[in-house]
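All remarks here apply to the structure that follows.
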Amino acid sequence: MANMSLTKNKMPVQEPDIRNKNFGEVALGYTKEQAVDEANRCLNCKNKPCVSGCPVSIDIPGFIAKIREEDFEGAYEIISKSSSLPAVCGRVCPQETQCEAKCVRGIKGEPVAIGRLERFVADYHMANFKGEPVQPQKNGHKVAVIGAGPSGLTCAGDLAKAGYDVTIFEALHEAGGVLVYGIPEFRLPKDIVKKEIDGLKKIGVKVLTNMVVGKVFSIDELMEKEGFEAVYIGTGAGLPRFMGIPGENLNGVYSANEYLTRTNLMKAYKENSDTPIKHSKSVAVVGGGNVAMDAARCAKRLGAEKVYIVYRRSMEEMPARNEEIEHAVEEDIIFNVLCNPTEIISDENGSVCGMKCIKMELGEPDESGRRSPVPIKGSEFILDVDTVIMSIGTSPNPLIRNTTEGLEINRRGCIVTDGESGKTSREGVYAGGDAVTGAATVILAMGAGKDAAKAIDEFILSK
Amino acid sequence: MYKILRKKELNPTVTLMEIEAPFVAKKALAGQFIILRVDDEGERIPLTVAGYDREKGSVTIIFQIVGSTTEKLNAKKEGEYISDFVGPLGKASETKGFKKVAVIGGGVGCAIAYPTAKQLHEDGAEVHSIVGFRNHDLVILEDEFKKCSDKFVMMTDDGSYGEKGLVTDALKKLIESGEKYDEVIAIGPLIMMKFVCKLTEQYGIKTIVSMNPIMIDGTGMCGGCRLTVGGETKFACVDGPDFDGHKIDFDEAIARSGVYRNFERQAHEKTCNLLKGE
């Protein structure tokens with residue numbers, strides 16, 4: 001009998017006033033009982049609208065049915081057919097605009113908590129599965145993947161499962177891309193990412209860290225000298241943007257990338273880390289995306305008394321996920337919306353001692369369809385902060401495009417690809433994720449990696 | 001893991017290490033840098049390539065012991081390993097097509113200036129090297145510089161070796177004596193590079209400096225290494241590390257280099273026995 005409750009089972013969480021002082025995971029995950037109860041809310045619709053909302057087309061009613069039967073490993077097998085990183089997706093996918101947005105139960109009441117169920121299944125598997133994964137039958141073809149972020153990992157995982165000999169080249173000392181340097185521990189524990197990557201290594205994916213393609217090898221060298229028949233570029237969009245206002249190079253102004261990398265990848269929040277980070281009293285994070293929420297919540301946990309989000313439009317237009325905004329509000333992050341920085345102010349030592357802002361109002365809609373913010377004359381004021389974190393977006397790294405002849409690039413610096421296949425202007429070279437779309441989400445990058453894996457398989461087999 | 005093939009103390013605070021890193025060695029060029037991590041808890045620090053042996057597959061680094069990371073690195077012995085070693089990063093120095101170049105090295109900056117001087121020499125330029133140290137005990141790479149220089153001037157602050165004075169004094173003397181340089185390359189402390197640039201600006205001689213600011217990834221991702229060059233923000237890791245010295249905002253660079261000084265001092269006090277409180 002279906003569970004006809006109009007609301008989802010609530011996610012157990014750490015209390016806001018406790019969690020904003022530690023880096024432990026905020027959402028604690030469903031218990032078995034909660035998972036089964038939630039699974040009973042699924043109506044198992046014949047036409048599966050939820051699946052059409054999933055960028056990697058997971059058989060959602062299928063795995064939920066297995067949860068109902070308490071066959072959690074069976075549920076995992078179904079998910080892992082489509083997703084290489086279920087524990088990650090269950091945590092960071094914007095389900096509310098994807099699978100859950102299409103759920104029939106959402107018409108009257110809340111949709112089934114698909115994301116929470118996915119996370120439950122993946123965590124259950126990690127905690128309980130003791131066997132060894134099935135080794136794919138090797139087909140003898142070599143493929144190189146550049147970048148061990150969500151897109152590259154997915155592409156590598158799918159190709160390895162299809163029998164390819166896959167090598168990932170990662171520039172940093174640790175695999176994971178934005179999952180390890182960007183998304184904080186309290187939202188996505190790094191142990192989970194590591195276990196997902198270990199799972200890929202177990203099925204034969206090789207991960208070479210400290211390898212900057214474009215420097216140590218060019219794409220041409222990989223294909224001509226190292227014997228890779230195809231290359232997938234999943235190098236992301238890592239180059240931080242700045243506003244170009246006075247004072248941006250003062251001490252105490254960070255890009256969100258730098259702040260998050262110091263905190264997450266380099267573990268600056270831990271006592272024994274050698275990497276320094278400023279322990280600020282009062283922080284302004286400029287921007288309204290998920291990255292801005294992450295930076296603000298990290299700053300709070302690092303001990304800042306006041307943390308402001310400074311965003312030039314209103315709450316309505318804010319691009320961050322609702323859940324992230326809600327969590328930030330609960331954790332006492334102060335939202336200064338309709339407000340734009342014009343200058344960062346220096347003390348006598350070249351460090352930040354304030355940020356001049358101007359109030360904004362919303363005018364006519366711009367090209368993005370959002371009402372564009374217009375400064376209100378004479379409304380300048382000074383925000384008393386000692387640290388500013390710029391979180392206004394990133395663009396793709398030019399390293400690959402500058403070292404690969406014949407690779408078509410658009411005017412935003414993104415690699416041009418042919419539709420879903422990820423095929424670039426160079427034969428045998430595929431690309432996907434933020435390197436193609438500009439900064440987007442983990443799951444879209446994974447979807448692109450998946451599509452490209454299929455296209456690479458077809459390309460190599462047709463040769 | 002990357003093996004330490006050779007370790008040599010150049011002076012009490014400066015050490016040379018040859019690291020086994022065949023992929024980096026294959027591509028490294030003068031002026032480029034690497035980033036290393038000593039162990040799993042370590043920070044990432046950039047060091048300029050001081051030499052490479054493509055056949056042996058090794059890269060030489062020279063570092064000054066200034067903080068906890070370089071102390072940890074210096075505690076490693078020959079045959080031991082460091083966790084991470086990535087490169088070659090940044091753009092190589094331009095060394096081709098010059099007739100006469102003055103290469104200025106200050107202190108441990110000589111370790112970076114030397115491979116560039118050597119490359120310039122191999123590429124056919126007349127190389128005049130001016131190196132400066134605080135005192136005789138701190139002198140490094142003297143013989144190496146002499147081998148690749150057509151003229152060599154040693155300066156010490158206290159006059160304990162070579163001539164007493166600053167590298168700028170020596171450079172000024174050479175220029176005034178009629179030497180015509182296509183370019184001056186200055187590598188050393190920020191304050192030295194600033195004053196070399198001030199001097200060469202008066203004579204209208206193009207001057208290249210190598211910037212080594214605080215950075216994390218070295219691939220353009222963090223933006224921590226940003227500098228103002230000719231009024232524009234540049235990232236030293238991908239746009240440099242070599243820049244036109246006359247365009248750099250040195251005062252800003254000097255302020256930025258000190259951002260973690262307190263943290264470094266505390267870390268140093270924790271590891272250095274001399275400074276440990278009883």
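Note on naming: chains are A, B, ... as they come in the structure tokens, residues start from 1 per chain, ligands start from 1 in the order shown.
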Identify all chain A residues at most 9 Å from chain B by counting only C-alpha atoms; ligands do not count. Present them as JSON, numbers by chain.
{"A": [171, 172, 173, 209, 210, 211, 212, 215, 216, 217, 237, 238, 239, 240, 241, 244, 249, 250, 251, 252, 253, 254, 255, 256, 257, 258, 259, 261, 262, 266, 267, 272, 273, 274, 275, 276, 277, 278, 349, 350, 351, 394, 397, 398, 399]}
I need the residues in segment 13-188 of chain A that are strand (DSSP E or B) according to DSSP; give them as a compact mmCIF listing (two decimals) with C-alpha atoms, in the first residue's frame.
# COMPACT_ATOMS: atom_id res chain seq x y z
CA VAL A 13 20.45 17.15 9.94
CA ALA A 27 22.64 16.16 6.25
CA LYS A 142 43.30 2.94 -25.03
CA VAL A 143 41.48 6.16 -24.16
CA ALA A 144 42.84 9.19 -22.29
CA VAL A 145 40.64 11.34 -20.07
CA ILE A 146 41.88 14.78 -19.07
CA ASP A 165 41.96 0.74 -21.03
CA VAL A 166 41.37 4.20 -19.56
CA THR A 167 43.95 6.60 -18.09
CA ILE A 168 42.87 9.81 -16.37
CA PHE A 169 45.36 12.69 -16.28
For a test of reading the model, state the distance in Å between atom CA of Lys306 of chain A and atom CA of Val283 of chain A, rounded to one decimal.
6.3 Å
From a DSSP calculation on the backbone, collect every residue of segment 158-205 of chain B in helix (DSSP H, G or I) and output the set as a list in words.
Val167, Thr168, Asp169, Ala170, Leu171, Lys172, Lys173, Leu174, Ile175, Glu176, Leu190, Ile191, Met192, Met193, Lys194, Phe195, Val196, Cys197, Lys198, Leu199, Thr200, Glu201, Gln202 and Tyr203 of chain B
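Between atom CA of Gly178 of chain B and atom CA of Ile208 of chain B lies a distance of 20.6 Å.
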As an MDAnalysis selection string, please: the residues near Thr424 of chain A (cut-off 8 Å, only C-alpha atoms, same-chain neighbours under 4 positions excluded).
chainID A and resid 407:408 415:418 429:431
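Nearest to Asn340 of chain A of all the residues A:Glu420, A:Asp366, A:Glu221, A:Glu361 is A:Glu361, counting only C-alpha atoms.
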With only C-alpha atoms as the counted atoms, please give the residues lying no more than 7 Å from Val184 of chain B, apart from itself and same-chain residues fewer than 4 positions off, as a PyMOL selection string.
chain B and resi 101-103+205-208
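One distance worth recording is that between atom CA of Gly438 of chain A and atom CA of Lys194 of chain A, which is 25.4 Å.
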Contact residues around segment 116-119 of chain B with only C-alpha atoms at 6 Å, ignoring same-chain residues under 3 positions, as a PDB file with all heavy atoms, in the first residue's frame:
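File written: out-v1.pdb
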ATOM      1  N   ALA B  30      64.164  26.641 -18.988  1.00  0.00           N
ATOM      2  CA  ALA B  30      64.599  27.693 -18.068  1.00  0.00           C
ATOM      3  C   ALA B  30      63.477  28.702 -17.872  1.00  0.00           C
ATOM      4  O   ALA B  30      62.809  29.107 -18.823  1.00  0.00           O
ATOM      5  CB  ALA B  30      65.840  28.385 -18.611  1.00  0.00           C
ATOM      6  N   ALA B 113      68.082  32.557 -11.594  1.00  0.00           N
ATOM      7  CA  ALA B 113      68.775  33.325 -12.617  1.00  0.00           C
ATOM      8  C   ALA B 113      69.779  32.455 -13.367  1.00  0.00           C
ATOM      9  O   ALA B 113      69.980  32.626 -14.566  1.00  0.00           O
ATOM     10  CB  ALA B 113      69.476  34.521 -11.981  1.00  0.00           C
ATOM     11  N   GLU B 122      74.078  29.592 -24.019  1.00  0.00           N
ATOM     12  CA  GLU B 122      74.007  28.530 -25.033  1.00  0.00           C
ATOM     13  C   GLU B 122      73.341  29.018 -26.308  1.00  0.00           C
ATOM     14  O   GLU B 122      73.647  28.557 -27.398  1.00  0.00           O
ATOM     15  CB  GLU B 122      73.237  27.315 -24.471  1.00  0.00           C
ATOM     16  CG  GLU B 122      74.086  26.476 -23.545  1.00  0.00           C
ATOM     17  CD  GLU B 122      73.290  25.431 -22.773  1.00  0.00           C
ATOM     18  OE1 GLU B 122      72.121  25.172 -23.152  1.00  0.00           O
ATOM     19  OE2 GLU B 122      73.824  24.900 -21.784  1.00  0.00           O
ATOM     20  N   CYS B 148      79.201  30.303 -17.448  1.00  0.00           N
ATOM     21  CA  CYS B 148      78.324  30.712 -18.549  1.00  0.00           C
ATOM     22  C   CYS B 148      78.300  32.238 -18.729  1.00  0.00           C
ATOM     23  O   CYS B 148      77.471  32.755 -19.455  1.00  0.00           O
ATOM     24  CB  CYS B 148      76.914  30.166 -18.348  1.00  0.00           C
ATOM     25  SG  CYS B 148      76.086  30.857 -16.927  1.00  0.00           S
TER      26      CYS B 148
END
Which residues, written as a VMD selection string, have at least one atom at most 12 Å from Glu144 of chain B, with only C-alpha atoms counted and residues fewer than 5 positions away on the same chain left out?
chain B and resid 50 to 51 110 to 111 113 to 118 121 129 131 139 149 152
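Excluding Pro136 of chain A and any residue on its chain fewer than 5 positions from it, the residues at most 7 Å away by only C-alpha atoms are A:Lys161, A:Ala162, A:Gly163, A:Ile203.
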Please produce a file of the residues just selected, as a tab-separated table (two decimals), in the first residue's frame, where the atoms kept are C-alpha atoms.
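Writing done, so here's again_3.tsv:
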chain	number	residue	atom	x	y	z
A	161	LYS	CA	32.93	-0.86	-17.96
A	162	ALA	CA	32.81	-1.24	-21.76
A	163	GLY	CA	36.29	-2.79	-21.69
A	203	ILE	CA	37.50	-1.79	-12.42
